[in-house]
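Asks: Have a look at the structure that comes next, please.
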Amino acid sequence: MATKLAKKAAEYAGELTGKVWNLVKSVFSSPKEQTTIELFQENPDEMQAMMVKALQEKLAADPALAQKLADLINRPGPDGKTTGAQIMNAGIAGIVDLRGANLSHAQGLDISGVKINDTATKPDKPVKKA
């Protein structure tokens, strides 16, 4: 059962990723924009900032495109539910979705959280030692 569920989830994620990428590529139509896509595909880590900026400009200029992309990303999954998360400017990120989980008899369970550079818990001024 778990293997079938994992396979179904992987297929859904792959299909959704493909649809999102195809939509993004479809709006980069000029020769210069096609070069942007090619450079990003060849060197995604190095070209990520450029691609993000170009896509942000496209979405700002075309609210209908932004809505279409949002609808595609946020549509319900195969189970009729949807989850969403937005992580921005994170070096390390993790998401645990335990919706519907029953942990009452769980054993050996480890759910962890990491905070890096959490300014909310840092004092404004250094603490002076007496």
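Just remember, in the structure tokens the first chain shown is A, the second B, etc., residues are 1-based per chain, and ligands are 1-based in the order shown.
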Any idea what's packed within 8 Å of range 25-40 of chain A, counting only C-alpha atoms, ignoring anything in its chain fewer than 5 positions away? Could you give it as a ChimeraX atom specification?
Replies: /A:45-48,51,58
Asks: Provide the CA of Thr17 in chain A to CA of Ala61 in chain A distance in Å, to one decimal place.
Replies: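 Here the two named atoms are 22.9 Å from each other.
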Asks: Expressed in Å to a single decimal, how great is the separation between CA of Ala70 in chain A and CA of Glu57 in chain A?
Replies: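 Answer for the CA of Ala70 in chain A to CA of Glu57 in chain A separation: 15.4 Å.
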